[in-house]
Amino acid sequence: MIDLKYILIFFPVLLFAQIDETKRDSISEKYLIISGDSVPRTSIDLDEVMLLHKLKFNSKKDRIRYLILRRKTIKVYPYAKMAAERLDSMNARMMTLTKNRDKKRYTKRVQKYIEGEFSEELKKMTRTEGQILVKLIHRQTGVTAFELVKELRNGWRAFWYNTTASMFDISLKREYDPENEKEDYLIEDILQRNFQNGRLERQKSAIEFDFYDLTNKWVHQKTPE
């Protein structure tokens with residue numbers, strides 16, 4: 001069983017001092033000397049900060065629905081992130097293998113993870129948590145959960161997984177579509193806010209979209225150009 005813990009991000013204290021550089025072409029510049037960095041810099045690289053709109057709800061019911069969605073999204077996102085990391089490491093490893101025997105052996109190890117730990121955790125989730133996870137897997141990997149299973153096994157195996165999941169109202173073929181599904185946009189809004197406050201570790205989406213355009217569409221009721 002995988003133990004989920006919120007990832008705490010500690011920012012090291014940067015000690016720096018300004019020094020005057022010798023004039024070049026009559027232009028005086030000031031540089032920053034950062035502790036642990038032997039290269040003088042004229043600026044400090046900062047992480048991108050998104051400007052997020054203030055949350056407003058039309059009713060108490062909408063607010064409660066958002067809070068429930070936030071709790072479920074925060075719970076399942078680490079699993080989707082982990083699935084993306086596993087897929088990346090698998091693809092990188094497969095590129096280094098030349099013998100089919102070694103590739104099959106390594107693929108079986110990945111199968112053991114997907115069908116063991118990961119599927120067991122999926123079974124413990126509620127239907128809505130499972131469906132959110134399936135959509136986030138698509139967000140983080142660019143492929144559906146159905147396609148991942150199909151890649152590791154054969155088409156029949158993927159069909160069986162999808163049929164079983166459908167019994168619990170979960171479709172492994174569901175995609176993450178914040179442009180056309182408002183709930184997916186709300187999930188994205190939740191992710192961005194929790195990336196910003198450090199509660200979740202940011203991982204770039206494999207799906208291309210503009211969050212500000214989505215906000216204009218779903219919050220400000222403006223159709224993206």
# chains A, B, ... in the order shown; residues from 1 in each chain; ligands from 1

$ residues_around --residues "Phe146 in chain A" --least-positions-apart "4" --cutoff "10 Å" --atoms "only C-alpha atoms" --output "list in words"
Val134, His138, Lys150, Glu151, Gly155, Arg157, Ala158, Phe159, Trp160, Tyr161, Asn162, Ser171, Leu172, Lys173 and Arg174 of chain A

$ write_last_selection --atoms "N, CA, C and O atoms" --output "PDB file, in the first residue's frame"
ATOM      1  N   VAL A 134      -8.885   8.873 -12.882  1.00  0.00           N
ATOM      2  CA  VAL A 134      -8.770   8.483 -14.286  1.00  0.00           C
ATOM      3  C   VAL A 134      -8.550   9.720 -15.161  1.00  0.00           C
ATOM      4  O   VAL A 134      -7.705   9.719 -16.064  1.00  0.00           O
ATOM      5  N   HIS A 138      -5.000  11.061 -17.323  1.00  0.00           N
ATOM      6  CA  HIS A 138      -4.949  11.589 -18.695  1.00  0.00           C
ATOM      7  C   HIS A 138      -4.276  12.959 -18.711  1.00  0.00           C
ATOM      8  O   HIS A 138      -3.491  13.264 -19.623  1.00  0.00           O
ATOM      9  N   LYS A 150      -3.994  -1.031 -21.997  1.00  0.00           N
ATOM     10  CA  LYS A 150      -3.909  -1.685 -23.310  1.00  0.00           C
ATOM     11  C   LYS A 150      -2.452  -1.810 -23.749  1.00  0.00           C
ATOM     12  O   LYS A 150      -2.057  -2.815 -24.358  1.00  0.00           O
ATOM     13  N   GLU A 151      -1.643  -0.801 -23.433  1.00  0.00           N
ATOM     14  CA  GLU A 151      -0.228  -0.830 -23.819  1.00  0.00           C
ATOM     15  C   GLU A 151       0.525  -1.907 -23.050  1.00  0.00           C
ATOM     16  O   GLU A 151       1.416  -2.572 -23.580  1.00  0.00           O
ATOM     17  N   GLY A 155      -5.640  -5.915 -25.895  1.00  0.00           N
ATOM     18  CA  GLY A 155      -6.903  -5.199 -25.977  1.00  0.00           C
ATOM     19  C   GLY A 155      -7.988  -5.813 -25.110  1.00  0.00           C
ATOM     20  O   GLY A 155      -8.795  -5.106 -24.513  1.00  0.00           O
ATOM     21  N   ARG A 157      -7.612  -7.408 -22.283  1.00  0.00           N
ATOM     22  CA  ARG A 157      -7.343  -7.070 -20.898  1.00  0.00           C
ATOM     23  C   ARG A 157      -7.852  -5.666 -20.590  1.00  0.00           C
ATOM     24  O   ARG A 157      -8.464  -5.418 -19.555  1.00  0.00           O
ATOM     25  N   ALA A 158      -7.609  -4.737 -21.508  1.00  0.00           N
ATOM     26  CA  ALA A 158      -8.069  -3.367 -21.329  1.00  0.00           C
ATOM     27  C   ALA A 158      -9.597  -3.322 -21.323  1.00  0.00           C
ATOM     28  O   ALA A 158     -10.205  -2.586 -20.541  1.00  0.00           O
ATOM     29  N   PHE A 159     -10.226  -4.110 -22.199  1.00  0.00           N
ATOM     30  CA  PHE A 159     -11.690  -4.154 -22.247  1.00  0.00           C
ATOM     31  C   PHE A 159     -12.245  -4.655 -20.913  1.00  0.00           C
ATOM     32  O   PHE A 159     -13.216  -4.128 -20.386  1.00  0.00           O
ATOM     33  N   TRP A 160     -11.589  -5.670 -20.351  1.00  0.00           N
ATOM     34  CA  TRP A 160     -12.047  -6.242 -19.086  1.00  0.00           C
ATOM     35  C   TRP A 160     -11.939  -5.215 -17.975  1.00  0.00           C
ATOM     36  O   TRP A 160     -12.839  -5.061 -17.163  1.00  0.00           O
ATOM     37  N   TYR A 161     -10.826  -4.493 -17.938  1.00  0.00           N
ATOM     38  CA  TYR A 161     -10.646  -3.468 -16.922  1.00  0.00           C
ATOM     39  C   TYR A 161     -11.715  -2.393 -17.055  1.00  0.00           C
ATOM     40  O   TYR A 161     -12.294  -1.944 -16.073  1.00  0.00           O
ATOM     41  N   ASN A 162     -11.991  -1.977 -18.277  1.00  0.00           N
ATOM     42  CA  ASN A 162     -12.967  -0.922 -18.503  1.00  0.00           C
ATOM     43  C   ASN A 162     -14.368  -1.392 -18.127  1.00  0.00           C
ATOM     44  O   ASN A 162     -15.151  -0.651 -17.546  1.00  0.00           O
ATOM     45  N   SER A 171     -15.326   5.132 -15.991  1.00  0.00           N
ATOM     46  CA  SER A 171     -14.871   4.813 -17.340  1.00  0.00           C
ATOM     47  C   SER A 171     -13.382   5.081 -17.448  1.00  0.00           C
ATOM     48  O   SER A 171     -12.922   6.206 -17.225  1.00  0.00           O
ATOM     49  N   LEU A 172     -12.615   4.053 -17.773  1.00  0.00           N
ATOM     50  CA  LEU A 172     -11.176   4.224 -17.928  1.00  0.00           C
ATOM     51  C   LEU A 172     -10.830   4.991 -19.199  1.00  0.00           C
ATOM     52  O   LEU A 172      -9.679   5.361 -19.406  1.00  0.00           O
ATOM     53  N   LYS A 173     -11.831   5.241 -20.037  1.00  0.00           N
ATOM     54  CA  LYS A 173     -11.602   5.972 -21.284  1.00  0.00           C
ATOM     55  C   LYS A 173     -11.847   7.473 -21.124  1.00  0.00           C
ATOM     56  O   LYS A 173     -11.628   8.226 -22.075  1.00  0.00           O
ATOM     57  N   ARG A 174     -12.260   7.890 -19.957  1.00  0.00           N
ATOM     58  CA  ARG A 174     -12.546   9.307 -19.746  1.00  0.00           C
ATOM     59  C   ARG A 174     -11.287  10.148 -19.903  1.00  0.00           C
ATOM     60  O   ARG A 174     -10.225   9.809 -19.415  1.00  0.00           O
TER      61      ARG A 174
END

$ residues_around --residues "range 192-205 of chain A" --least-positions-apart "3" --cutoff "6 Å" --atoms "only C-alpha atoms" --output "ChimeraX atom specification"
/A:139-140,189

$ write_last_selection --atoms "N, CA and C atoms" --output "tab-separated table (two decimals), in the first residue's frame"
chain	number	residue	atom	x	y	z
A	139	ARG	N	-4.54	13.79	-17.69
A	139	ARG	CA	-3.90	15.10	-17.62
A	139	ARG	C	-2.39	14.98	-17.51
A	140	GLN	N	-1.93	14.07	-16.68
A	140	GLN	CA	-0.50	13.97	-16.40
A	140	GLN	C	0.29	13.17	-17.43
A	189	ASP	N	-8.65	24.40	-11.46
A	189	ASP	CA	-8.60	25.54	-10.55
A	189	ASP	C	-8.09	25.09	-9.17

$ closest_atom_pairs --of "range 120-189 of chain A" --to "range 49-69 of chain A" --cutoff "12 Å" --atoms "only C-alpha atoms" --output "JSON lines"
{"residue": "A:Thr128", "atom": "CA", "partner": "A:Leu69", "partner_atom": "CA", "distance": 8.9}
{"residue": "A:Glu129", "atom": "CA", "partner": "A:Leu69", "partner_atom": "CA", "distance": 8.8}
{"residue": "A:Gln131", "atom": "CA", "partner": "A:Leu69", "partner_atom": "CA", "distance": 11.6}
{"residue": "A:Ile132", "atom": "CA", "partner": "A:Leu69", "partner_atom": "CA", "distance": 9.0}
{"residue": "A:Leu133", "atom": "CA", "partner": "A:Leu69", "partner_atom": "CA", "distance": 11.8}
{"residue": "A:Lys182", "atom": "CA", "partner": "A:Tyr66", "partner_atom": "CA", "distance": 11.4}
{"residue": "A:Glu183", "atom": "CA", "partner": "A:Leu69", "partner_atom": "CA", "distance": 8.6}
{"residue": "A:Asp184", "atom": "CA", "partner": "A:Leu69", "partner_atom": "CA", "distance": 10.2}
{"residue": "A:Tyr185", "atom": "CA", "partner": "A:Tyr66", "partner_atom": "CA", "distance": 11.3}
{"residue": "A:Leu186", "atom": "CA", "partner": "A:Tyr66", "partner_atom": "CA", "distance": 7.6}
{"residue": "A:Ile187", "atom": "CA", "partner": "A:Leu69", "partner_atom": "CA", "distance": 7.3}
{"residue": "A:Glu188", "atom": "CA", "partner": "A:Leu69", "partner_atom": "CA", "distance": 10.9}
{"residue": "A:Asp189", "atom": "CA", "partner": "A:Leu52", "partner_atom": "CA", "distance": 8.4}

$ atom_distance --atom1 "CA of Glu115 in chain A" --atom2 "CA of Arg70 in chain A"
27.0 Å

$ atom_distance --atom1 "CA of Gln111 in chain A" --atom2 "CA of Leu152 in chain A"
6.4 Å

$ atom_distance --atom1 "CA of Thr144 in chain A" --atom2 "CA of Glu175 in chain A"
6.3 Å
